[in-house]
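Colleague: Structure below; questions to follow.
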Amino acid sequence: AQTVTQSQPEMSVQEAETVTLSCTYDTSESDYYLFWYKQPPSRQMILVIRQEAYKQQNATENRFSVNFQKAAKSFSLKISDSQLGDAAMYFCAYRSAAGYSTLTFGKGTMLLVSP
Amino acid sequence: DAEITQSPRHKITETGRQVTLACHQTWNHNNMFWYRQDLGHGLRLIHYSYGVQDTNKGEVSDGYSVSRSNTEDLPLTLESAASSQTSVYFCASSSGRTTGELFFGEGSRLTVL
């Protein structure tokens, strides 16, 4: 079974600074999807960014970008120019591309943003 | 706009009672999922369905059941609620086999006393 590990229970950043959240995963598959979801205090799960494993280019969405290292099975999220609204729980998730599959989540990293 | 709704949003019940959490989606998605979220555990999969009459057990299915009689709904039933089932429950749906993204409901907070 696939596992997703987020080794940082909590991270802090100041407004306008850059922060990187770490995620590693374990899989024997070669084709899969990786995700970062954001969960603000409202509890809503919001998709931040998605990466297809067959794409070498790192995904980018405005201030959010990933560093996808397939051989190392690493998928970190970089948030640039951090804003107060970025404060939330962030979950890394994995989904196999082979047939029907489900989403496996890490335990989450709480991001605190200070003025 | 298409959406996925859960009800109730908050519920308090007693140990041993049967509880059903509703999930309704208007995306016309084939795939539906139930997760529970607990501090220190992230989201863990309870049950999932890939279509009408299809249900499958997830990582933490003991004490839970689901049924899928139509495309729109996947109710989650706790047959005899236990304090260990106090949690926040999320329903989610997705369209294709491997398109990846799940769309989530707003969550249901269940407290079992």
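FYI, nothing fancy with the structure tokens labels: chains A, B, ... in order, residues from 1 per chain, ligands from 1 as they appear.
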Using only C-alpha atoms, I'd like every residue of chain A that has an atom within 7 Å of chain B; please write them out as a PDB file with C-alpha atoms, in the first residue's frame.
Modeller:
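selection21.pdb was written with the following content:
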```
ATOM      1  CA  TYR A  33      -0.866  11.735  -9.345  1.00  0.00           C
ATOM      2  CA  ARG A  43     -12.715  23.093   7.151  1.00  0.00           C
ATOM      3  CA  GLN A  44     -13.241  23.193   3.393  1.00  0.00           C
ATOM      4  CA  MET A  45     -10.786  21.061   1.420  1.00  0.00           C
ATOM      5  CA  ARG A  95      -3.417   8.638  -6.145  1.00  0.00           C
ATOM      6  CA  ALA A  97      -3.151   6.120 -12.137  1.00  0.00           C
ATOM      7  CA  GLY A  99      -7.273   1.493 -12.759  1.00  0.00           C
ATOM      8  CA  TYR A 100      -9.691   2.577 -10.095  1.00  0.00           C
ATOM      9  CA  PHE A 105      -3.345  11.488   2.475  1.00  0.00           C
ATOM     10  CA  GLY A 106      -0.449  12.469   4.671  1.00  0.00           C
ATOM     11  CA  LYS A 107      -1.116  13.607   8.223  1.00  0.00           C
ATOM     12  CA  GLY A 108      -0.891  17.266   7.350  1.00  0.00           C
TER      13      GLY A 108
END
```
Colleague: Could you name the residues that touch Asp73 (chain B) at 12 Å or less, counting only C-alpha atoms, but leaving out those on the same chain fewer than 6 positions away, as a ChimeraX atom specification?
Modeller: /B:4-7,21-34,48-53,66-67,91-93
Colleague: Find the residues near Ser114 (chain A): any atom within 8 Å, counting only C-alpha atoms, skip ones fewer than 4 places away on the same chain, and give them as a list in words.
Modeller: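 Once the adjacent positions are removed, what remains is Ser12, Val13, Gln14, Glu15 and Leu84 of chain A.
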Colleague: If you keep C-alpha atoms, can you produce a file of those selected residues as a PDB file, in the first residue's frame?
Modeller:
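File out.pdb, as written:
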```pdb
ATOM      1  CA  SER A  12       5.756  29.176  10.508  1.00  0.00           C
ATOM      2  CA  VAL A  13       6.387  31.939   8.003  1.00  0.00           C
ATOM      3  CA  GLN A  14       6.157  35.706   7.943  1.00  0.00           C
ATOM      4  CA  GLU A  15       4.083  37.580   5.443  1.00  0.00           C
ATOM      5  CA  LEU A  84      -2.231  35.762   5.948  1.00  0.00           C
TER       6      LEU A  84
END
```
Colleague: Mind the document's chain letters and residue numbers, and return as JSON, numbers by chain the residues of region 12-113 of chain B that DSSP labels strand (DSSP E).
Modeller: {"B": [12, 13, 19, 20, 21, 22, 23, 24, 25, 31, 32, 33, 34, 35, 36, 37, 38, 42, 43, 44, 45, 46, 47, 48, 49, 50, 51, 54, 55, 56, 57, 64, 65, 66, 76, 77, 78, 87, 88, 89, 90, 91, 92, 93, 94, 103, 104, 108, 109, 110, 111, 112]}
Colleague: Could you check how far CA of Ala87 (chain A) sits from CA of Ser65 (chain A), in Å to one decimal?
Modeller: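 These atoms are spaced 16.5 Å apart.
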